[in-house]
Amino acid sequence: MNGCRRLSSLNDQTSSLNILFSVVKLRTSGQMCLRQCQSTASSPAPGSDTVEKPRRLRAIDLARKIQQEKAKTKATQPPVTGPQGRVTELKQFSLQLQNVHPNVLAKHLRRSVLYQDKDVVLVNKPYGVPVQEQSGVTSISSVLPVLSKMMDGMKVKSESKLLPCLSLEKDSTGSLLLARSEEAAEHILKLNRNNQVQRKYWVVTVGVPVPSEGLIDIPVIEKEVTGPQPHFKMALSPCFRMNETGDGLTKLRRHRQAHPAVTKYRVLDSSSGCSLVELQPFTGVKHQLRVHLAFALACPILGDHKYSHWSKLAPQKLPERVLKRLELEQTKIRYLPLHLHARQLQLPGHNKADINVSCPLPKYFLQTLKRIELTFPDDKED
């Protein structure tokens with residue numbers, strides 16, 4: 001009897017274990033089936049339009065992707081060599097300065113300081129950056145508060161200021177005079193009206209001025225140029241003209257809107273149909289130097305696309321021998337910068353010695369002189 005009971009109990013335990021194993025096996029197979037179904041549902045079927053959403057890029061992945069695209073772009077672009085490469089580099093540098101944060105331009109000007117005292121500051125103005133404020137670009141005037149604070153040691157309660165005096169054109173380079181107070185600015189303007197501020201410019205001209213030195217005293221007036229591209233330009237408004245017989249001058253009535261303009265010039269060197277010319281203006285009329293050279297001496301400044309033609313707006317046309325010297329093509333001349341540099345500035349000091357500052361030539365100017373084989377006066381003396 002006891003043996004029969006033990007055998008029955010053993011059979012019951014065996015049945016229970018078999019049922020448990022069956023349940024576990026069923027659960028395991030169910031989970032595997034569920035995973036397979038989820039995997040099948042998540043992957044698109046062949047030929048279906050369902051596309052898996054792209055994974056969100058991290059910042060480092062995005063940066064690497066941009067670097068790879070830039071590398072591909074550089075690889076596909078043809079290599080730029082020689083002077084054309086330098087012209088392109090200059091153009092990019094100019095655009096960068098106009099569109100950078102004001103603090104970046106202010107730091108650049110801080111490193112370009114040529115002279116400073118308690119009344120004035122002279123900086124080396126870069127090419128292509130306007131002095132006065134213009135919409136859409138960073139100008140020198142817009143960063144003067146930041147520059148003033150930098151020069152005052154970044155003091156929190158600094159009351160120093162900088163004001164532009166004797167402004168330069170956007171495409172010119174060289175010594176730019178800044179006043180550190182309104183009183184100093186008024187004093188400088190008074191000195192300039194009395195011709196006590198001496199400014200000398202260096203330019204490269206297309207052509208050789210004849211005679212090699214002289215004084216141009218021809219008023220300048222703004223005129224409208226009609227035609228397919230109507231525009232305004234500064235032009236000569238002479239007070240005299242040749243008479244009909246050609247052996248004398250006839251005095252003309254002065255135009256009311258004409259401005260007196262006087263420029264002293266001196267040829268420093270000539271080569272390959274170009275010249276290095278020193279200019280000293282005695283008046284401050286808009287575009288005075290460019291107009292006097294282009295229309296009075298028939299020797300426009302190299303890179304002066306505005307005044308190389310009168311009746312149209314077009315890039316300057318250079319002689320073949322000049323193009324050959326510069327190793328440039330006429331089709332790329334529109335990128336050639338204006339070779340107008342404010343070389344020297346001299347003015348009486350306030351209760352001290354006179355201020356006399358010379359500004360170094362920019363890189364592109366020096367490279368042009370080397371290409372055309374024009375030498376400095378100092379080089380000749382050596």
# chains A, B, ... in the order shown; residues from 1 in each chain; ligands from 1

call {"tool": "select_by_dssp", "arguments": {"residues": "region 257-332 of chain A", "states": "strand (DSSP E)", "output": "PyMOL selection string"}}
result
chain A and resi 262-271+274-281

call {"tool": "residues_around", "arguments": {"residues": "Ile301 (chain A)", "least_positions_apart": "5", "cutoff": "7 Å", "atoms": "only C-alpha atoms", "output": "list in words"}}
result
Val203, Val204, Thr205, Val206, Arg290 and His339 of chain A

call {"tool": "closest_atom_pairs", "arguments": {"of": "region 265-364 of chain A", "to": "region 237-241 of chain A", "cutoff": "12 Å", "atoms": "only C-alpha atoms", "output": "JSON lines"}}
result
{"residue": "A:Gln288", "atom": "CA", "partner": "A:Ser237", "partner_atom": "CA", "distance": 11.9}
{"residue": "A:Val291", "atom": "CA", "partner": "A:Ser237", "partner_atom": "CA", "distance": 10.8}
{"residue": "A:His292", "atom": "CA", "partner": "A:Ser237", "partner_atom": "CA", "distance": 10.9}
{"residue": "A:Phe295", "atom": "CA", "partner": "A:Ser237", "partner_atom": "CA", "distance": 10.7}
{"residue": "A:Ala296", "atom": "CA", "partner": "A:Pro238", "partner_atom": "CA", "distance": 9.8}

call {"tool": "write_last_selection", "arguments": {"atoms": "C-alpha atoms", "output": "mmCIF file, in the first residue's frame"}}
result
data_model
loop_
_atom_site.group_PDB
_atom_site.id
_atom_site.type_symbol
_atom_site.label_atom_id
_atom_site.label_comp_id
_atom_site.auth_asym_id
_atom_site.auth_seq_id
_atom_site.Cartn_x
_atom_site.Cartn_y
_atom_site.Cartn_z
ATOM 1 C CA GLN A 288 40.162 115.021 -55.905
ATOM 2 C CA VAL A 291 40.048 113.070 -60.832
ATOM 3 C CA HIS A 292 43.188 115.206 -61.206
ATOM 4 C CA PHE A 295 41.435 113.755 -66.339
ATOM 5 C CA ALA A 296 44.101 116.445 -65.853
#

call {"tool": "residues_around", "arguments": {"residues": "Ile372 (chain A)", "least_positions_apart": "3", "cutoff": "12 Å", "atoms": "only C-alpha atoms", "output": "ChimeraX atom specification"}}
result
/A:204-206,269-276,302,321-327,365-369,375

call {"tool": "closest_residue", "arguments": {"among": "A:Val100, A:Val277, A:Val146, A:Cys165", "to": "Pro377 (chain A)", "atoms": "only C-alpha atoms"}}
result
A:Val277

call {"tool": "closest_atom_pairs", "arguments": {"of": "region 280-371 of chain A", "to": "region 258-265 of chain A", "cutoff": "7 Å", "atoms": "only C-alpha atoms", "output": "JSON lines"}}
result
{"residue": "A:Gln280", "atom": "CA", "partner": "A:Lys264", "partner_atom": "CA", "distance": 5.0}
{"residue": "A:Pro281", "atom": "CA", "partner": "A:Thr263", "partner_atom": "CA", "distance": 4.4}
{"residue": "A:Phe282", "atom": "CA", "partner": "A:Val262", "partner_atom": "CA", "distance": 5.5}
{"residue": "A:Thr283", "atom": "CA", "partner": "A:Ala261", "partner_atom": "CA", "distance": 5.5}
{"residue": "A:Val285", "atom": "CA", "partner": "A:Ala261", "partner_atom": "CA", "distance": 6.4}
{"residue": "A:Gln288", "atom": "CA", "partner": "A:Ala261", "partner_atom": "CA", "distance": 6.7}

call {"tool": "residues_around", "arguments": {"residues": "Ser181 (chain A)", "least_positions_apart": "5", "cutoff": "9 Å", "atoms": "only C-alpha atoms", "output": "list in words"}}
result
Asp119, Val120, Ser160, Lys161, Leu162, Leu163 and Glu186 of chain A

call {"tool": "atom_distance", "arguments": {"atom1": "CA of Gly207 (chain A)", "atom2": "CA of Ala298 (chain A)"}}
result
7.6 Å

call {"tool": "residues_around", "arguments": {"residues": "Val143 (chain A)", "least_positions_apart": "3", "cutoff": "10 Å", "atoms": "only C-alpha atoms", "output": "VMD selection string"}}
result
chain A and resid 101 to 107 109 131 133 138 to 140 146 to 148 162

call {"tool": "write_last_selection", "arguments": {"atoms": "all heavy atoms", "output": "compact mmCIF listing (two decimals), in the first residue's frame"}}
result
# COMPACT_ATOMS: atom_id res chain seq x y z
N HIS A 101 32.62 90.56 -36.58
CA HIS A 101 32.11 91.20 -35.38
C HIS A 101 32.93 92.47 -35.11
O HIS A 101 34.15 92.50 -35.35
CB HIS A 101 32.22 90.24 -34.19
CG HIS A 101 31.47 90.71 -32.99
ND1 HIS A 101 32.02 91.59 -32.08
CD2 HIS A 101 30.22 90.44 -32.55
CE1 HIS A 101 31.14 91.83 -31.12
NE2 HIS A 101 30.04 91.14 -31.39
N PRO A 102 32.29 93.55 -34.65
CA PRO A 102 33.02 94.80 -34.39
C PRO A 102 34.25 94.63 -33.50
O PRO A 102 35.26 95.32 -33.69
CB PRO A 102 31.96 95.69 -33.73
CG PRO A 102 30.67 95.20 -34.28
CD PRO A 102 30.84 93.71 -34.45
N ASN A 103 34.19 93.71 -32.54
CA ASN A 103 35.34 93.51 -31.65
C ASN A 103 36.56 93.01 -32.42
O ASN A 103 37.70 93.36 -32.09
CB ASN A 103 34.98 92.52 -30.54
CG ASN A 103 34.04 93.12 -29.52
OD1 ASN A 103 33.71 94.31 -29.62
ND2 ASN A 103 33.60 92.33 -28.57
N VAL A 104 36.33 92.19 -33.46
CA VAL A 104 37.44 91.66 -34.24
C VAL A 104 38.12 92.78 -35.02
O VAL A 104 39.35 92.88 -35.06
CB VAL A 104 36.94 90.56 -35.20
CG1 VAL A 104 38.08 90.05 -36.07
CG2 VAL A 104 36.31 89.42 -34.40
N LEU A 105 37.33 93.65 -35.66
CA LEU A 105 37.90 94.79 -36.38
C LEU A 105 38.60 95.75 -35.42
O LEU A 105 39.67 96.29 -35.74
CB LEU A 105 36.82 95.53 -37.16
CG LEU A 105 37.27 96.76 -37.96
CD1 LEU A 105 38.37 96.41 -38.94
CD2 LEU A 105 36.10 97.41 -38.68
N ALA A 106 38.03 95.94 -34.25
CA ALA A 106 38.65 96.82 -33.25
C ALA A 106 40.02 96.28 -32.83
O ALA A 106 40.99 97.03 -32.69
CB ALA A 106 37.73 96.98 -32.05
N LYS A 107 40.13 94.96 -32.64
CA LYS A 107 41.42 94.36 -32.28
C LYS A 107 42.43 94.53 -33.41
O LYS A 107 43.62 94.77 -33.17
CB LYS A 107 41.23 92.88 -31.96
CG LYS A 107 40.50 92.63 -30.65
CD LYS A 107 40.34 91.14 -30.39
CE LYS A 107 39.60 90.89 -29.09
NZ LYS A 107 39.41 89.43 -28.84
N LEU A 109 42.51 97.00 -35.60
CA LEU A 109 42.95 98.40 -35.57
C LEU A 109 43.87 98.67 -34.39
O LEU A 109 44.81 99.48 -34.49
CB LEU A 109 41.73 99.32 -35.52
CG LEU A 109 40.81 99.31 -36.75
CD1 LEU A 109 39.58 100.17 -36.51
CD2 LEU A 109 41.56 99.78 -37.99
N VAL A 131 35.27 104.16 -43.64
CA VAL A 131 35.47 104.89 -42.39
C VAL A 131 34.12 105.28 -41.80
O VAL A 131 33.86 105.05 -40.62
CB VAL A 131 36.34 106.14 -42.62
CG1 VAL A 131 36.45 106.96 -41.32
CG2 VAL A 131 37.73 105.74 -43.10
N GLU A 133 29.98 105.10 -41.35
CA GLU A 133 29.04 103.98 -41.22
C GLU A 133 28.26 103.77 -42.50
O GLU A 133 27.78 104.72 -43.12
CB GLU A 133 28.10 104.21 -40.04
CG GLU A 133 28.80 104.20 -38.69
CD GLU A 133 27.82 104.18 -37.53
OE1 GLU A 133 26.66 103.78 -37.76
OE2 GLU A 133 28.22 104.54 -36.42
N THR A 138 30.60 96.37 -41.57
CA THR A 138 31.23 96.92 -40.37
C THR A 138 32.17 98.04 -40.78
O THR A 138 33.06 97.85 -41.61
CB THR A 138 32.01 95.82 -39.64
OG1 THR A 138 31.13 94.75 -39.32
CG2 THR A 138 32.61 96.37 -38.35
N SER A 139 31.98 99.22 -40.22
CA SER A 139 32.82 100.38 -40.56
C SER A 139 33.75 100.70 -39.39
O SER A 139 33.56 100.21 -38.27
CB SER A 139 31.94 101.59 -40.87
OG SER A 139 31.22 101.99 -39.72
N ILE A 140 34.74 101.54 -39.68
CA ILE A 140 35.67 101.94 -38.62
C ILE A 140 34.97 102.80 -37.58
O ILE A 140 35.20 102.65 -36.37
CB ILE A 140 36.87 102.68 -39.25
CG1 ILE A 140 37.71 101.70 -40.07
CG2 ILE A 140 37.73 103.34 -38.17
CD1 ILE A 140 38.91 102.30 -40.74
N VAL A 146 34.58 100.72 -29.13
CA VAL A 146 35.27 99.52 -28.63
C VAL A 146 36.78 99.73 -28.65
O VAL A 146 37.48 99.38 -27.69
CB VAL A 146 34.89 98.29 -29.48
CG1 VAL A 146 35.58 97.03 -28.95
CG2 VAL A 146 33.38 98.09 -29.50
N LEU A 147 37.30 100.32 -29.73
CA LEU A 147 38.73 100.59 -29.83
C LEU A 147 39.18 101.55 -28.74
O LEU A 147 40.24 101.37 -28.13
CB LEU A 147 39.05 101.17 -31.21
CG LEU A 147 40.51 101.57 -31.46
CD1 LEU A 147 41.44 100.38 -31.32
CD2 LEU A 147 40.67 102.22 -32.83
N SER A 148 38.38 102.57 -28.47
CA SER A 148 38.73 103.53 -27.42
C SER A 148 38.81 102.86 -26.06
O SER A 148 39.72 103.13 -25.26
CB SER A 148 37.68 104.65 -27.40
OG SER A 148 37.94 105.54 -26.34
N LEU A 162 36.94 108.26 -29.42
CA LEU A 162 37.73 108.47 -30.61
C LEU A 162 36.82 109.00 -31.71
O LEU A 162 35.73 108.46 -31.94
CB LEU A 162 38.40 107.16 -31.07
CG LEU A 162 39.55 106.64 -30.19
CD1 LEU A 162 39.99 105.26 -30.65
CD2 LEU A 162 40.73 107.59 -30.21

call {"tool": "residues_around", "arguments": {"residues": "Ile188 (chain A)", "least_positions_apart": "2", "cutoff": "9 Å", "atoms": "only C-alpha atoms", "output": "compact mmCIF listing (two decimals) with N, CA and C atoms, in the first residue's frame"}}
result
# COMPACT_ATOMS: atom_id res chain seq x y z
N CYS A 165 38.98 112.03 -38.07
CA CYS A 165 39.31 113.32 -38.67
C CYS A 165 40.01 113.07 -40.00
N LEU A 166 39.78 113.94 -40.97
CA LEU A 166 40.44 113.82 -42.28
C LEU A 166 40.26 112.41 -42.83
N ALA A 179 40.83 111.69 -33.40
CA ALA A 179 40.95 112.60 -32.25
C ALA A 179 40.38 111.94 -31.01
N GLU A 183 37.34 118.58 -28.56
CA GLU A 183 38.23 119.74 -28.63
C GLU A 183 39.42 119.46 -29.55
N ALA A 184 39.99 118.27 -29.44
CA ALA A 184 41.12 117.90 -30.29
C ALA A 184 40.68 117.81 -31.76
N ALA A 185 39.47 117.30 -31.99
CA ALA A 185 38.96 117.20 -33.37
C ALA A 185 38.78 118.58 -33.99
N GLU A 186 38.24 119.52 -33.22
CA GLU A 186 38.04 120.87 -33.72
C GLU A 186 39.38 121.55 -33.99
N LYS A 190 40.71 122.90 -37.66
CA LYS A 190 41.17 124.27 -37.82
C LYS A 190 42.56 124.30 -38.47
N LEU A 191 43.45 123.43 -38.01
CA LEU A 191 44.78 123.34 -38.62
C LEU A 191 44.68 122.98 -40.10
N ASN A 192 43.76 122.07 -40.43
CA ASN A 192 43.61 121.65 -41.82
C ASN A 192 43.08 122.78 -42.70
N ARG A 193 42.16 123.58 -42.16
CA ARG A 193 41.64 124.71 -42.94
C ARG A 193 42.73 125.74 -43.22
N VAL A 197 48.14 121.06 -41.86
CA VAL A 197 48.24 119.59 -41.84
C VAL A 197 48.75 119.15 -43.20
N LEU A 347 51.60 117.13 -38.71
CA LEU A 347 50.82 118.25 -38.17
C LEU A 347 51.52 118.78 -36.92

call {"tool": "atom_distance", "arguments": {"atom1": "CA of Met150 (chain A)", "atom2": "CA of Leu114 (chain A)"}}
result
15.4 Å
